$ cat query_7.cif   # mmCIF, C-alpha atoms
data_protein
loop_
_atom_site.label_atom_id
_atom_site.label_comp_id
_atom_site.auth_asym_id
_atom_site.auth_seq_id
_atom_site.Cartn_x
_atom_site.Cartn_y
_atom_site.Cartn_z
CA MET A 24 7.99 -1.21 19.24
CA SER A 25 8.43 -2.94 22.56
CA ALA A 26 8.88 -6.69 22.75
CA ASP A 27 5.43 -7.23 24.28
CA CYS A 28 3.86 -5.66 21.19
CA ARG A 29 5.51 -7.95 18.69
CA ARG A 30 3.97 -11.06 17.22
CA THR A 31 6.21 -13.99 18.01
CA ALA A 32 4.75 -16.52 15.62
CA GLY A 33 2.18 -17.12 12.99
CA ILE A 34 1.26 -15.78 9.63
CA GLY A 35 4.01 -15.26 7.11
CA ASP A 36 1.95 -13.64 4.37
CA LYS A 37 2.17 -9.88 4.89
CA LEU A 38 -1.19 -9.02 3.37
CA LYS A 39 -2.81 -11.75 5.43
CA ASN A 40 -1.15 -10.33 8.55
CA VAL A 41 -2.83 -6.97 7.96
CA VAL A 42 -6.29 -8.46 7.40
CA VAL A 43 -6.19 -11.14 10.11
CA ILE A 44 -3.86 -9.84 12.84
CA MET A 45 -3.95 -6.05 12.64
CA LEU A 46 -7.64 -5.82 11.75
CA ASN A 47 -8.51 -8.69 14.11
CA ASN A 48 -10.44 -10.87 11.66
CA ASP A 49 -10.98 -14.62 11.68
CA GLU A 50 -8.21 -16.47 9.85
CA THR A 51 -10.71 -18.97 8.49
CA ASN A 52 -11.66 -18.05 4.92
CA TRP A 53 -9.82 -14.74 5.28
CA GLU A 54 -9.45 -14.46 1.51
CA THR A 55 -13.22 -14.13 1.16
CA HIS A 56 -13.56 -11.55 3.92
CA ASP A 57 -15.23 -8.30 2.83
CA VAL A 58 -11.95 -6.40 3.17
CA MET A 59 -10.10 -8.83 0.91
CA LEU A 60 -12.94 -8.92 -1.60
CA GLY A 61 -12.83 -5.14 -1.81
CA LEU A 62 -9.05 -5.04 -2.14
CA THR A 63 -8.93 -7.77 -4.76
CA HIS A 64 -11.70 -6.09 -6.74
CA PHE A 65 -9.66 -2.87 -6.70
CA GLY A 66 -6.60 -4.75 -7.98
CA VAL A 67 -4.65 -5.11 -4.73
CA ASN A 68 -3.08 -8.55 -4.62
CA THR A 69 0.08 -8.00 -2.58
CA PHE A 70 1.19 -6.18 0.55
CA SER A 71 3.18 -3.75 -1.60
CA ASP A 72 0.03 -2.87 -3.53
CA LEU A 73 -1.78 -2.18 -0.26
CA MET A 74 0.95 0.05 1.16
CA MET A 75 0.83 2.28 -1.92
CA MET A 76 -2.88 3.02 -1.51
CA GLU A 77 -4.06 6.52 -0.63
CA GLY A 78 -7.07 7.64 1.35
CA ARG A 79 -9.16 8.19 -1.78
CA ASP A 80 -8.35 4.64 -2.92
CA ILE A 81 -9.59 3.23 0.38
CA GLU A 82 -12.75 5.33 0.23
CA SER A 83 -13.58 3.96 -3.22
CA LEU A 84 -13.41 0.29 -2.21
CA VAL A 85 -16.49 -1.76 -3.00
CA ILE A 86 -17.43 -5.37 -2.37
CA PRO A 87 -18.24 -6.92 -5.76
CA THR A 88 -21.43 -8.78 -6.54
CA VAL A 89 -21.41 -12.24 -4.97
CA GLY A 90 -24.29 -14.55 -5.82
CA THR A 91 -27.51 -12.65 -5.23
CA THR A 92 -25.81 -9.94 -3.15
CA ALA A 93 -25.33 -6.77 -5.19
CA GLU A 94 -22.16 -4.70 -5.26
CA ARG A 95 -21.91 -2.41 -2.24
CA PRO A 96 -19.36 -0.07 -0.64
CA LEU A 97 -16.98 -1.53 1.90
CA GLY A 98 -18.19 -0.58 5.38
CA PHE A 99 -17.09 2.74 6.87
CA SER A 100 -15.45 1.12 9.90
CA GLN A 101 -13.56 -1.36 7.73
CA ARG A 102 -12.31 1.42 5.46
CA ARG A 103 -11.12 3.44 8.45
CA GLN A 104 -9.37 0.43 10.00
CA LEU A 105 -7.65 -0.37 6.71
CA LEU A 106 -6.46 3.20 6.28
CA ALA A 107 -5.17 3.21 9.86
CA ALA A 108 -3.27 -0.03 9.20
CA ILE A 109 -1.50 1.52 6.21
CA CYS A 110 -0.59 4.61 8.21
CA CYS A 111 0.55 2.43 11.11
CA PHE A 112 3.05 0.57 8.94
CA HIS A 113 4.51 3.78 7.51
CA HIS A 114 4.64 5.33 10.99
CA PHE A 115 6.78 2.54 12.44
CA CYS A 116 9.00 2.54 9.35
CA GLN A 117 9.56 6.26 9.88
CA GLU A 118 10.39 5.69 13.54
CA GLN A 119 12.97 3.03 12.71
CA THR A 120 14.13 4.74 9.49
CA LYS A 121 13.83 1.48 7.59
CA SER A 122 11.20 -0.80 6.13
CA ILE A 123 10.03 -3.04 8.95
CA ASN A 124 8.43 -6.46 8.67
CA VAL A 125 4.71 -5.86 9.05
CA THR A 126 4.32 -9.25 10.74
CA SER A 127 6.01 -7.67 13.78
CA ILE A 128 2.97 -5.43 14.31
CA SER A 129 0.45 -7.02 16.67
CA PHE A 130 -3.21 -6.15 17.08
CA ALA A 131 -2.44 -4.45 20.41
CA ASN A 132 0.37 -2.46 18.83
CA PHE A 133 -1.90 -1.37 16.00
CA GLN A 134 -4.67 -0.39 18.42
CA ARG A 135 -2.30 1.79 20.43
CA PHE A 136 -1.27 3.58 17.26
CA ARG A 137 -4.83 3.93 15.95
CA ILE A 138 -6.24 5.30 19.20
CA GLY A 139 -3.30 7.31 20.47
CA ARG A 140 -1.37 8.57 17.45
CA TRP A 141 -3.36 8.33 14.25
CA ASP A 142 -5.07 11.34 12.70
CA PRO A 143 -7.82 9.96 10.42
CA LEU A 144 -8.01 13.29 8.58
CA ALA A 145 -4.33 13.34 7.65
CA GLU A 146 -3.12 12.05 4.30
CA VAL A 147 -1.10 8.86 4.04
CA VAL A 148 2.60 9.74 4.26
CA LEU A 149 4.85 7.08 2.77
CA TRP A 150 7.75 6.50 5.11
CA LEU A 151 10.37 7.01 2.40
CA THR A 152 9.13 10.53 1.73
CA THR A 153 10.15 11.65 5.22
CA ARG A 154 13.69 10.30 5.31
CA ALA A 155 16.65 12.62 5.79
CA PRO A 156 18.14 14.22 2.66
CA VAL A 157 20.72 12.07 0.89
CA SER A 158 23.07 12.54 -2.03
CA ALA A 159 21.86 12.18 -5.62
CA GLU A 160 23.96 9.04 -6.04
CA ALA A 161 22.58 7.51 -2.84
CA GLU A 162 19.01 8.18 -4.00
CA ILE A 163 19.64 6.32 -7.25
CA GLU A 164 21.28 3.42 -5.41
CA HIS A 165 18.42 3.24 -2.90
CA TRP A 166 15.76 3.23 -5.62
CA ASN A 167 17.59 0.53 -7.59
CA LYS A 168 17.87 -1.64 -4.48
CA THR A 169 14.35 -1.23 -3.12
CA VAL A 170 12.30 -1.16 -6.32
CA LYS A 171 12.38 -4.22 -8.53
CA ILE A 172 10.94 -3.46 -11.95
CA SER A 173 10.32 -5.71 -14.90
CA ARG A 174 9.00 -4.50 -18.23
CA SER A 175 6.48 -7.33 -18.03
CA ASP A 176 4.88 -5.47 -15.09
CA TYR A 177 3.48 -2.99 -17.59
CA LYS A 178 0.85 -4.69 -19.70
CA GLU A 179 0.22 -3.52 -23.25
CA PHE A 180 -3.10 -1.73 -23.77
CA ARG A 181 -4.95 -3.60 -26.49
CA ASP A 182 -8.71 -3.37 -26.04
CA LYS A 183 -10.75 -0.22 -25.36
CA ALA A 184 -13.36 -2.36 -23.62
CA TYR A 185 -10.86 -3.00 -20.81
CA TRP A 186 -9.60 0.57 -20.51
CA HIS A 187 -10.87 1.07 -16.94
CA LYS A 188 -9.28 -2.14 -15.62
CA TRP A 189 -6.05 -1.54 -17.54
CA SER A 190 -5.73 2.04 -16.27
CA GLU A 191 -6.32 0.95 -12.65
CA ASP A 192 -3.66 -1.76 -12.97
CA PHE A 193 -1.28 0.69 -14.62
CA LEU A 194 -1.66 3.29 -11.86
CA LEU A 195 -1.17 0.69 -9.13
CA THR A 196 1.98 -0.55 -10.84
CA VAL A 197 3.33 2.98 -11.23
CA LYS A 198 2.68 3.67 -7.54
CA SER A 199 4.36 0.45 -6.44
CA HIS A 200 7.44 1.44 -8.46
CA ARG A 201 7.41 4.94 -6.93
CA LEU A 202 7.02 6.58 -10.31
CA SER A 203 3.61 8.24 -9.91
CA HIS A 204 5.23 11.69 -9.79
CA LEU A 205 6.04 11.30 -13.50
CA LEU A 206 2.32 11.47 -14.23
CA GLN A 207 2.02 14.91 -12.62
CA LYS A 208 2.12 17.79 -15.11
CA GLU A 209 3.73 20.15 -12.58
CA TYR A 210 6.48 17.73 -11.54
CA VAL A 211 10.00 19.20 -11.58
CA ALA A 212 12.89 16.79 -11.05
CA GLU A 213 15.23 17.62 -8.17
CA ASN A 214 17.65 14.84 -9.05
CA PRO A 215 18.20 14.77 -12.85
CA SER A 216 20.14 11.50 -12.75
CA LEU A 217 17.42 9.72 -10.78
CA ASP A 218 14.80 11.27 -13.03
CA ARG A 219 16.52 9.79 -16.10
CA SER A 220 16.51 6.37 -14.43
CA HIS A 221 12.81 6.74 -13.66
CA ARG A 222 11.88 7.83 -17.17
CA GLU A 223 13.55 4.81 -18.71
CA TRP A 224 10.55 2.86 -17.42
CA MET A 225 7.81 5.27 -18.46
#
$ encode --input "query_7.cif" --output "structure tokens"
Amino acid sequence: MSADCRRTAGIGDKLKNVVVIMLNNDETNWETHDVMLGLTHFGVNTFSDLMMMEGRDIESLVIPTVGTTAERPLGFSQRRQLLAAICCFHHFCQEQTKSINVTSISFANFQRFRIGRWDPLAEVVLWLTTRAPVSAEAEIEHWNKTVKISRSDYKEFRDKAYWHKWSEDFLLTVKSHRLSHLLQKEYVAENPSLDRSHREWM
């Protein structure tokens, strides 16, 4: 990214940066903006949660009932913009082969990506999935450094009445820890040592 595309000051919160700067929304009451209401209702509370979302997650976003206004789907344009923002972050991470600070992405920078580079029909490609091959030991070291897991992140399932909410939270947590492949029946581990480390948490 060129220097003229970078934000030089402002919002430190990464999730707020996406909603206010990249999506060009008013900073006033940003937490009650339709986009944030939809994300919060889905269970997205952090930037990391957002960056693990897939296209189908974005498409399912709804704005919950507020006062006399009934629940409704998040607008098509807002869903597209949000999906583009996620892809934009991963794109620049891939270019720089590292996790960048999303607050360095300006609205103009995002618009150039969205209009000139983004394919809205393509699936979200997490930047780490496109990195160059590394040794088995390096993969384990990288995962241990970049993913911080606590057993308290995984809440105990206690009440069938809350199954839907619990399962959504569980899947989001698994994605944020880069362990969702363990839920796939056809998954075959390519790195047995890393796989053992992963399964210690599942």
$ atom_distance --input "query_7.cif" --atom1 "CA of Ile81 in chain A" --atom2 "CA of Ile109 in chain A"
10.1 Å
$ closest_atom_pairs --input "query_7.cif" --of "range 177-197 of chain A" --to "range 205-224 of chain A" --cutoff "12 Å" --atoms "all atoms listed in the file" --output "tab-separated table"
residue	atom	partner	partner_atom	distance
A:Tyr177	CA	A:Trp224	CA	9.2
A:Phe193	CA	A:Leu206	CA	11.4
A:Leu194	CA	A:Leu206	CA	9.4
A:Thr196	CA	A:Trp224	CA	11.3
A:Val197	CA	A:Leu205	CA	9.0
$ residues_around --input "query_7.cif" --residues "Asp80 in chain A" --least-positions-apart "5" --cutoff "10 Å" --atoms "all atoms listed in the file" --output "list in words"
Leu62, Phe65, Leu73, Met75, Arg102 and Leu106 of chain A
$ atom_distance --input "query_7.cif" --atom1 "CA of Phe115 in chain A" --atom2 "CA of Leu97 in chain A"
26.3 Å
$ resolve_selection --input "query_7.cif" --expression "the PyMOL selection byres ((chain A and resi 61) around 7)" --output "number ranges by chain"
A: 57-60, 62-65, 84-87, 97
$ residues_around --input "query_7.cif" --residues "Val125 in chain A" --least-positions-apart "6" --cutoff "12 Å" --atoms "all atoms listed in the file" --output "MDAnalysis selection string"
chainID A and resid 24 29:30 34:42 44:45 70:71 73:74 108:116 132:133
$ atom_distance --input "query_7.cif" --atom1 "CA of Asp192 in chain A" --atom2 "CA of Gly66 in chain A"
6.5 Å
$ closest_residue --input "query_7.cif" --among "A:Ala184, A:Glu94, A:Ser100, A:Ser122" --to "Glu82 in chain A" --atoms "only C-alpha atoms"
A:Ser100
$ closest_residue --input "query_7.cif" --among "A:Gly90, A:Glu146, A:Ile163, A:His200" --to "Gly78 in chain A" --atoms "all atoms listed in the file"
A:Glu146
$ resolve_selection --input "query_7.cif" --expression "the PyMOL selection byres ((chain A and resi 134) around 10)" --output "list in words"
Met45, Leu46, Gln104, Ala107, Ala108, Cys111, Ser129, Phe130, Ala131, Asn132, Phe133, Arg135, Phe136, Arg137, Ile138, Gly139, Arg140 and Trp141 of chain A
$ axis_aligned_box --input "query_7.cif" --around "range 47-50 of chain A" --padding-each-side "5 Å" --output "JSON"
{"center_x": -9.6, "center_y": -12.6, "center_z": 12.0, "size_x": 12.8, "size_y": 17.8, "size_z": 14.3}
$ decode --input "query_7.cif" --residues "range 54-193 of chain A" --atoms "C-alpha atoms" --output "JSON list (two decimals), in the first residue's frame"
[["chain", "number", "residue", "atom", "x", "y", "z"],
["A", 54, "GLU", "CA", -21.99, 0.56, 17.62],
["A", 55, "THR", "CA", -25.70, 0.82, 16.82],
["A", 56, "HIS", "CA", -25.19, 0.97, 13.06],
["A", 57, "ASP", "CA", -27.06, -1.74, 11.13],
["A", 58, "VAL", "CA", -23.79, -3.47, 10.24],
["A", 59, "MET", "CA", -22.71, -3.68, 13.87],
["A", 60, "LEU", "CA", -26.15, -4.78, 15.02],
["A", 61, "GLY", "CA", -26.05, -7.60, 12.49],
["A", 62, "LEU", "CA", -22.52, -8.64, 13.44],
["A", 63, "THR", "CA", -23.19, -8.54, 17.17],
["A", 64, "HIS", "CA", -26.40, -10.53, 16.71],
["A", 65, "PHE", "CA", -24.38, -13.16, 14.82],
["A", 66, "GLY", "CA", -21.85, -13.31, 17.66],
["A", 67, "VAL", "CA", -19.05, -11.22, 16.15],
["A", 68, "ASN", "CA", -17.56, -9.03, 18.86],
["A", 69, "THR", "CA", -13.94, -8.64, 17.77],
["A", 70, "PHE", "CA", -11.96, -7.99, 14.62],
["A", 71, "SER", "CA", -10.63, -11.55, 14.74],
["A", 72, "ASP", "CA", -14.20, -12.88, 14.75],
["A", 73, "LEU", "CA", -14.98, -10.77, 11.68],
["A", 74, "MET", "CA", -11.93, -11.90, 9.72],
["A", 75, "MET", "CA", -12.89, -15.55, 10.17],
["A", 76, "MET", "CA", -16.32, -15.06, 8.58],
["A", 77, "GLU", "CA", -17.14, -16.69, 5.26],
["A", 78, "GLY", "CA", -19.45, -15.53, 2.50],
["A", 79, "ARG", "CA", -22.34, -17.65, 3.76],
["A", 80, "ASP", "CA", -21.94, -16.10, 7.22],
["A", 81, "ILE", "CA", -22.20, -12.61, 5.76],
["A", 82, "GLU", "CA", -25.24, -13.57, 3.68],
["A", 83, "SER", "CA", -27.05, -14.81, 6.80],
["A", 84, "LEU", "CA", -26.64, -11.57, 8.77],
["A", 85, "VAL", "CA", -29.85, -10.07, 10.10],
["A", 86, "ILE", "CA", -30.62, -6.92, 12.06],
["A", 87, "PRO", "CA", -32.39, -8.00, 15.26],
["A", 88, "THR", "CA", -35.70, -6.61, 16.43],
["A", 89, "VAL", "CA", -35.27, -3.10, 17.84],
["A", 90, "GLY", "CA", -38.31, -1.51, 19.45],
["A", 91, "THR", "CA", -41.20, -1.80, 17.02],
["A", 92, "THR", "CA", -38.93, -2.62, 14.06],
["A", 93, "ALA", "CA", -39.02, -6.33, 13.27],
["A", 94, "GLU", "CA", -35.97, -8.45, 12.52],
["A", 95, "ARG", "CA", -34.83, -8.04, 8.91],
["A", 96, "PRO", "CA", -31.90, -9.08, 6.71],
["A", 97, "LEU", "CA", -28.90, -6.78, 6.56],
["A", 98, "GLY", "CA", -29.05, -4.83, 3.30],
["A", 99, "PHE", "CA", -27.52, -6.36, 0.17],
["A", 100, "SER", "CA", -25.11, -3.46, -0.36],
["A", 101, "GLN", "CA", -23.95, -3.58, 3.26],
["A", 102, "ARG", "CA", -23.37, -7.33, 3.07],
["A", 103, "ARG", "CA", -21.34, -6.93, -0.13],
["A", 104, "GLN", "CA", -19.26, -4.10, 1.35],
["A", 105, "LEU", "CA", -18.57, -6.12, 4.48],
["A", 106, "LEU", "CA", -17.50, -9.16, 2.48],
["A", 107, "ALA", "CA", -15.24, -6.96, 0.35],
["A", 108, "ALA", "CA", -13.65, -5.51, 3.50],
["A", 109, "ILE", "CA", -12.80, -8.99, 4.78],
["A", 110, "CYS", "CA", -11.31, -9.97, 1.42],
["A", 111, "CYS", "CA", -9.41, -6.67, 1.28],
["A", 112, "PHE", "CA", -7.67, -7.34, 4.58],
["A", 113, "HIS", "CA", -6.64, -10.86, 3.56],
["A", 114, "HIS", "CA", -5.49, -9.59, 0.16],
["A", 115, "PHE", "CA", -3.06, -7.06, 1.63],
["A", 116, "CYS", "CA", -1.82, -9.61, 4.16],
["A", 117, "GLN", "CA", -1.09, -11.97, 1.28],
["A", 118, "GLU", "CA", 0.76, -9.22, -0.59],
["A", 119, "GLN", "CA", 2.95, -8.42, 2.40],
["A", 120, "THR", "CA", 3.16, -12.06, 3.59],
["A", 121, "LYS", "CA", 2.28, -11.01, 7.12],
["A", 122, "SER", "CA", -0.69, -9.90, 9.17],
["A", 123, "ILE", "CA", -1.03, -6.16, 8.62],
["A", 124, "ASN", "CA", -2.69, -3.64, 10.91],
["A", 125, "VAL", "CA", -6.14, -3.08, 9.43],
["A", 126, "THR", "CA", -6.07, 0.54, 10.64],
["A", 127, "SER", "CA", -3.56, 1.18, 7.84],
["A", 128, "ILE", "CA", -6.29, 0.57, 5.24],
["A", 129, "SER", "CA", -8.04, 3.79, 4.26],
["A", 130, "PHE", "CA", -11.42, 4.17, 2.60],
["A", 131, "ALA", "CA", -9.70, 5.11, -0.69],
["A", 132, "ASN", "CA", -7.44, 2.08, -0.45],
["A", 133, "PHE", "CA", -10.41, -0.18, 0.19],
["A", 134, "GLN", "CA", -12.36, 1.32, -2.71],
["A", 135, "ARG", "CA", -9.48, 0.71, -5.11],
["A", 136, "PHE", "CA", -9.37, -2.92, -4.04],
["A", 137, "ARG", "CA", -13.16, -3.37, -4.17],
["A", 138, "ILE", "CA", -13.55, -1.83, -7.62],
["A", 139, "GLY", "CA", -10.34, -2.95, -9.28],
["A", 140, "ARG", "CA", -9.34, -6.27, -7.75],
["A", 141, "TRP", "CA", -12.17, -7.91, -5.85],
["A", 142, "ASP", "CA", -14.21, -10.75, -7.32],
["A", 143, "PRO", "CA", -17.52, -10.80, -5.39],
["A", 144, "LEU", "CA", -18.19, -14.37, -6.57],
["A", 145, "ALA", "CA", -14.92, -15.75, -5.20],
["A", 146, "GLU", "CA", -14.75, -17.38, -1.78],
["A", 147, "VAL", "CA", -12.93, -15.71, 1.09],
["A", 148, "VAL", "CA", -9.32, -16.90, 1.09],
["A", 149, "LEU", "CA", -7.63, -16.49, 4.47],
["A", 150, "TRP", "CA", -4.18, -15.05, 3.92],
["A", 151, "LEU", "CA", -2.44, -17.77, 5.93],
["A", 152, "THR", "CA", -3.78, -20.46, 3.61],
["A", 153, "THR", "CA", -1.78, -19.06, 0.69],
["A", 154, "ARG", "CA", 1.62, -18.74, 2.34],
["A", 155, "ALA", "CA", 4.62, -20.61, 0.99],
["A", 156, "PRO", "CA", 5.17, -24.18, 2.26],
["A", 157, "VAL", "CA", 7.11, -24.38, 5.52],
["A", 158, "SER", "CA", 8.52, -27.17, 7.64],
["A", 159, "ALA", "CA", 6.33, -29.13, 10.04],
["A", 160, "GLU", "CA", 8.18, -27.63, 13.01],
["A", 161, "ALA", "CA", 7.75, -24.09, 11.66],
["A", 162, "GLU", "CA", 4.01, -24.66, 11.20],
["A", 163, "ILE", "CA", 3.65, -25.70, 14.84],
["A", 164, "GLU", "CA", 5.71, -22.73, 16.02],
["A", 165, "HIS", "CA", 3.69, -20.33, 13.86],
["A", 166, "TRP", "CA", 0.36, -21.66, 15.13],
["A", 167, "ASN", "CA", 1.50, -21.47, 18.75],
["A", 168, "LYS", "CA", 2.64, -17.87, 18.28],
["A", 169, "THR", "CA", -0.33, -16.54, 16.34],
["A", 170, "VAL", "CA", -3.22, -18.39, 17.99],
["A", 171, "LYS", "CA", -3.82, -17.77, 21.66],
["A", 172, "ILE", "CA", -6.17, -20.37, 23.11],
["A", 173, "SER", "CA", -7.65, -20.68, 26.56],
["A", 174, "ARG", "CA", -9.85, -23.55, 27.65],
["A", 175, "SER", "CA", -12.25, -20.94, 29.00],
["A", 176, "ASP", "CA", -12.90, -19.91, 25.36],
["A", 177, "TYR", "CA", -14.93, -23.10, 24.98],
["A", 178, "LYS", "CA", -18.08, -22.83, 27.05],
["A", 179, "GLU", "CA", -19.69, -25.96, 28.45],
["A", 180, "PHE", "CA", -22.99, -26.93, 26.83],
["A", 181, "ARG", "CA", -25.57, -27.12, 29.58],
["A", 182, "ASP", "CA", -29.04, -26.24, 28.33],
["A", 183, "LYS", "CA", -30.75, -27.59, 25.19],
["A", 184, "ALA", "CA", -32.78, -24.38, 25.00],
["A", 185, "TYR", "CA", -29.59, -22.50, 24.11],
["A", 186, "TRP", "CA", -28.24, -25.05, 21.63],
["A", 187, "HIS", "CA", -28.43, -22.70, 18.62],
["A", 188, "LYS", "CA", -26.57, -19.86, 20.35],
["A", 189, "TRP", "CA", -24.02, -22.22, 21.89],
["A", 190, "SER", "CA", -23.30, -23.93, 18.57],
["A", 191, "GLU", "CA", -22.84, -20.57, 16.79],
["A", 192, "ASP", "CA", -20.43, -19.40, 19.49],
["A", 193, "PHE", "CA", -18.59, -22.72, 19.36]]
